[in-house]
Each structure stands twice: as structure tokens, then as C-alpha cells.
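Everything below belongs to structure_32.cif, which stores mmCIF, C-alpha atoms.
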data_run
loop_
_atom_site.label_atom_id
_atom_site.label_comp_id
_atom_site.auth_asym_id
_atom_site.auth_seq_id
_atom_site.Cartn_x
_atom_site.Cartn_y
_atom_site.Cartn_z
CA GLY A 37 103.21 81.62 99.85
CA GLU A 38 100.91 84.53 100.39
CA VAL A 39 98.50 85.88 97.86
CA ILE A 40 97.95 89.63 97.44
CA MET A 41 94.23 90.31 97.60
CA SER A 42 91.93 93.25 97.14
CA PHE A 43 90.68 94.66 100.44
CA SER A 44 87.16 94.20 99.04
CA VAL A 45 87.52 90.42 99.45
CA LEU A 46 86.34 91.00 103.03
CA ILE A 47 82.85 92.02 101.89
CA GLY A 48 80.32 89.52 103.18
CA LYS A 49 82.75 87.93 105.62
CA VAL A 50 82.35 88.02 109.38
CA ILE A 51 85.41 89.34 111.18
CA ARG A 52 86.06 87.39 114.35
CA ASN A 53 88.60 89.97 115.44
CA ILE A 54 91.38 92.26 114.21
CA GLU A 55 94.84 92.01 115.76
CA ARG A 56 97.14 95.01 115.62
CA VAL A 57 100.87 94.41 115.91
CA GLY A 58 102.72 97.68 116.44
CA ASP A 59 102.19 100.42 113.88
CA ASP A 60 102.68 98.39 110.75
CA GLN A 61 100.77 95.10 110.90
CA LEU A 62 97.11 94.15 111.16
CA TYR A 63 95.62 90.66 111.07
CA PHE A 64 91.98 90.22 110.06
CA ASN A 65 90.68 86.91 111.43
CA CYS A 66 87.37 85.79 109.89
CA THR A 67 84.87 83.32 111.28
CA ASP A 68 85.26 81.09 108.21
CA GLY A 69 88.84 80.42 109.32
CA SER A 70 90.48 82.71 106.78
CA ARG A 71 93.10 85.18 107.93
CA TYR A 72 94.43 88.26 106.16
CA GLN A 73 97.47 90.37 106.90
CA MET A 74 97.76 94.09 106.17
CA TYR A 75 101.34 95.30 106.26
CA HIS A 76 104.12 96.88 104.25
CA SER A 77 106.81 94.73 102.69
CA GLN A 78 110.03 96.58 103.57
CA ASP A 79 112.47 97.40 100.76
CA CYS A 80 115.04 99.67 102.31
CA CYS A 81 114.75 102.96 104.12
CA GLU A 82 111.13 103.81 103.48
CA LEU A 83 108.66 104.17 106.36
CA VAL A 84 105.10 102.90 106.01
CA GLU A 85 102.89 102.74 109.07
CA ILE A 86 99.43 103.30 110.50
CA GLU A 87 98.97 107.00 111.15
CA ASP A 88 95.56 106.74 112.81
CA VAL A 89 92.32 104.82 113.04
CA ALA A 90 89.02 106.72 113.01
CA GLY A 91 85.53 105.50 113.79
CA VAL A 92 84.89 102.15 115.44
CA PRO A 93 88.14 101.06 117.18
CA LEU A 94 89.83 97.96 115.77
CA ASP A 95 89.53 96.06 119.04
CA GLU A 96 85.75 96.58 119.04
CA ILE A 97 85.26 94.96 115.62
CA VAL A 98 84.29 91.53 116.91
CA ASN A 99 81.96 89.10 115.10
CA ALA A 100 81.11 91.92 112.71
CA THR A 101 79.74 91.42 109.22
CA VAL A 102 81.61 93.38 106.55
CA LEU A 103 79.28 95.47 104.37
CA THR A 104 81.84 97.53 102.45
CA ALA A 105 85.63 97.49 102.22
CA ASP A 106 87.33 100.14 100.10
CA GLU A 107 90.94 101.13 99.57
CA SER A 108 92.03 104.52 98.24
CA THR A 109 95.29 106.44 98.06
CA ASN A 110 96.31 110.01 97.58
CA ARG A 111 99.43 112.14 97.50
CA THR A 112 97.64 115.44 97.99
CA ASP A 113 97.11 115.41 101.76
CA PRO A 114 100.00 117.14 103.55
CA LYS A 115 103.13 115.20 104.38
CA VAL A 116 103.81 114.32 108.00
CA ASP A 117 107.45 115.43 108.05
CA ASP A 118 108.94 118.32 106.09
CA TYR A 119 111.89 116.11 105.18
CA ASP A 120 109.75 113.52 103.39
CA GLU A 121 110.57 113.78 99.68
CA SER A 122 107.82 111.41 98.56
CA TRP A 123 104.71 110.31 100.43
CA THR A 124 101.50 108.35 99.98
CA TRP A 125 98.41 108.19 102.16
CA THR A 126 96.44 104.94 101.96
CA PHE A 127 92.94 104.78 103.39
CA TYR A 128 91.14 101.54 104.22
CA ARG A 129 87.47 102.21 104.86
CA LEU A 130 85.68 99.28 106.48
CA THR A 131 81.95 99.33 107.16
CA THR A 132 80.40 96.61 109.31
CA ASN A 133 77.11 96.25 111.15
CA LEU A 134 78.90 98.00 114.03
CA GLY A 135 79.71 101.13 112.02
CA THR A 136 82.57 102.52 109.98
CA THR A 137 86.29 102.31 110.63
CA VAL A 138 88.93 104.16 108.60
CA ILE A 139 92.50 102.91 108.86
CA ARG A 140 94.91 105.56 107.58
CA TRP A 141 98.40 104.49 106.56
CA TYR A 142 101.23 106.88 105.75
CA GLY A 143 104.18 105.96 103.57
CA ALA A 144 107.27 108.10 103.07
CA SER A 145 110.51 107.59 101.17
CA ASN A 146 113.05 109.30 98.95
CA GLY A 147 110.80 108.41 96.02
CA TYR A 148 112.62 105.26 94.96
CA TYR A 149 110.85 102.75 97.19
CA SER A 150 107.32 101.43 97.48
CA GLU A 151 105.08 103.33 99.88
CA SER A 152 102.18 100.96 99.38
CA VAL A 153 100.39 98.70 101.83
CA ASP A 154 99.94 94.99 101.12
CA PHE A 155 96.80 93.01 101.94
CA GLU A 156 97.45 89.29 101.81
CA LEU A 157 95.61 86.06 102.41
CA THR A 158 97.73 84.15 104.93
CA LYS A 159 95.29 81.39 105.86
CA VAL A 160 92.52 80.04 103.65
CA ALA A 161 88.97 79.44 104.84
CA ASP A 162 88.26 76.18 106.62
CA GLY A 163 87.52 73.33 104.27
CA THR A 164 89.37 74.99 101.40
CA THR A 165 91.90 72.69 99.75
CA GLY A 166 95.02 73.46 97.82
CA PRO A 167 97.85 75.93 98.26
CA ILE A 168 97.28 79.66 98.61
#
Can you turn what I pasted into C-alpha cells?
Amino acid sequence: GEVIMSFSVLIGKVIRNIERVGDDQLYFNCTDGSRYQMYHSQDCCELVEIEDVAGVPLDEIVNATVLTADESTNRTDPKVDDYDESWTWTFYRLTTNLGTTVIRWYGASNGYYSESVDFELTKVADGTTGPI
């Protein structure tokens, strides 16, 4: 099974590359063999996806050492669609030796479903034993 991690677990790691799958999945592949997935676990009719990426593009973050990795959320920035009853912005700010990247996720629902983003360890580092 997967293990929910703090985004800050990336600090000190070297990202081999970041794969983006559509608007709602990212895979962070590290040179130590570990792999992390950023996505939203779907409940029902909520929508949670990447709104934009600012700074260094994801496909340019190659063999980059992670210096800082912060996650923050707010519900004060404007909603994307007037019909959204509930919304959450989630910001992932990643600083590497190549510069800063900010991945901005937007979640919207009727207020009854999770609008959060999950960050999970999907493959442990090479040489690590035991289940994750």
C-alpha cells in the first residue's frame, strides 16, 4: 500500500525527473530509486486538478537537488467557477538548484468532499527493505 508523506520529504533528494499525467497526477522520480505520486483520491463529484505551474517548468527539473519543499493551502483566493460552492487552493513550492517551481492545484466541490491533494510514496529507495 501507499504511504501518505509530507511534501517536505523531498528535501535533500535529487529528482531524476517529474512525470505529469494529465491535469491530476504527478510522479516525482528520485535518483535514490524512490518514487512519489501527487494526485487527488477521487470520492465522488469533486474536481481537483493542477491549475498552473509557475517558475521552472516540470519537464526541466532533471537531476535537480531539492533545497526546499513546502505545501500550503488557502480558501481566500478567488474561485475558478462561480458555481463552485466550496474550493481550496493548494500550493506546492519546490526549490532546487535550478530555481523555484510552484505547482498550484485547485479543488472544488459542493463542500461535502475532500478537495485536498495527496502526496504518497509509491516506491521506496533502492536498498530499502520491508513494505511501504
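Shortest separation to Thr67 (chain A) among A:Ser42, A:Ser152, A:Thr132, A:Asn53 occurs at residue A:Asn53, atoms counted being only C-alpha atoms.
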Would you mind telling me which residue in A:Val92, A:Ala161, A:Leu103, A:Val153 lies nearest to Gly135 (chain A) when using only C-alpha atoms?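 Smallest distance to Gly135 (chain A) is found for A:Val92.
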Name all residues at most 9 Å from region 104-115 of chain A (count only C-alpha atoms; drop same-chain ones fewer than 2 positions away) and give them as JSON, numbers by chain. {"A": [42, 43, 44, 45, 46, 47, 48, 102, 117, 118, 119, 120, 121, 122, 123, 124, 125, 126, 127, 128, 129, 130, 131, 132, 142, 144, 152]}
Expand the PyMOL selection byres ((chain A and resi 76) around 12) into the individual residues it matches in the shown file, reporting them as an NGL selection string. :A and (40 or 59-62 or 73-75 or 77-80 or 82-86 or 126 or 141-144 or 149-156)
Among listed residues A:Asp88, A:Asp162, A:Asp95, A:Glu55, nearest Ile139 (chain A) (using only C-alpha atoms):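 Residue with the minimum atom-to-atom distance to Ile139 (chain A): A:Asp88.
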List every protein, DNA or RNA residue that has an atom no more than 6 Å from (83.6, 84.8, 105.7) in the file's coordinate frame, counting only C-alpha atoms, and report them as a VMD selection string. chain A and resid 49 to 50 66 to 68
Write a file of the just-selected residues containing C-alpha atoms, as a short mmCIF file (atom, residue, chain, number, x, y, z; two decimals), in the coordinates of the input.
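Written file, selection16.cif:
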data_model
loop_
_atom_site.label_atom_id
_atom_site.label_comp_id
_atom_site.auth_asym_id
_atom_site.auth_seq_id
_atom_site.Cartn_x
_atom_site.Cartn_y
_atom_site.Cartn_z
CA LYS A 49 82.75 87.93 105.62
CA VAL A 50 82.35 88.02 109.38
CA CYS A 66 87.37 85.79 109.89
CA THR A 67 84.87 83.32 111.28
CA ASP A 68 85.26 81.09 108.21
#
What is the distance, in Å and to one decimal place, between CA of Val116 (chain A) and CA of Ile54 (chain A)?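 These two atoms are separated by 26.1 Å.
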Here CA of Arg140 (chain A) and CA of Ala90 (chain A) stand apart by 8.1 Å
Spatial sel., origin (80.6, 92.9, 115.5), limit 8 Å, all atoms listed in the file, listed as a list of chain:residue names: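 Taken together, the residues in range are A:Ile51, A:Arg52, A:Glu96, A:Ile97, A:Val98, A:Asn99, A:Ala100, A:Thr101, A:Thr132, A:Asn133, A:Leu134.
Coordinates place CA of Pro93 (chain A) at a distance of 28.3 Å from CA of Ser145 (chain A).
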Using all atoms listed in the file, find the one residue out of A:Val39, A:Gly69, A:Asn146, A:Leu94 that sits nearest to Val57 (chain A).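 The answer is A:Leu94, which sits nearest to Val57 (chain A).
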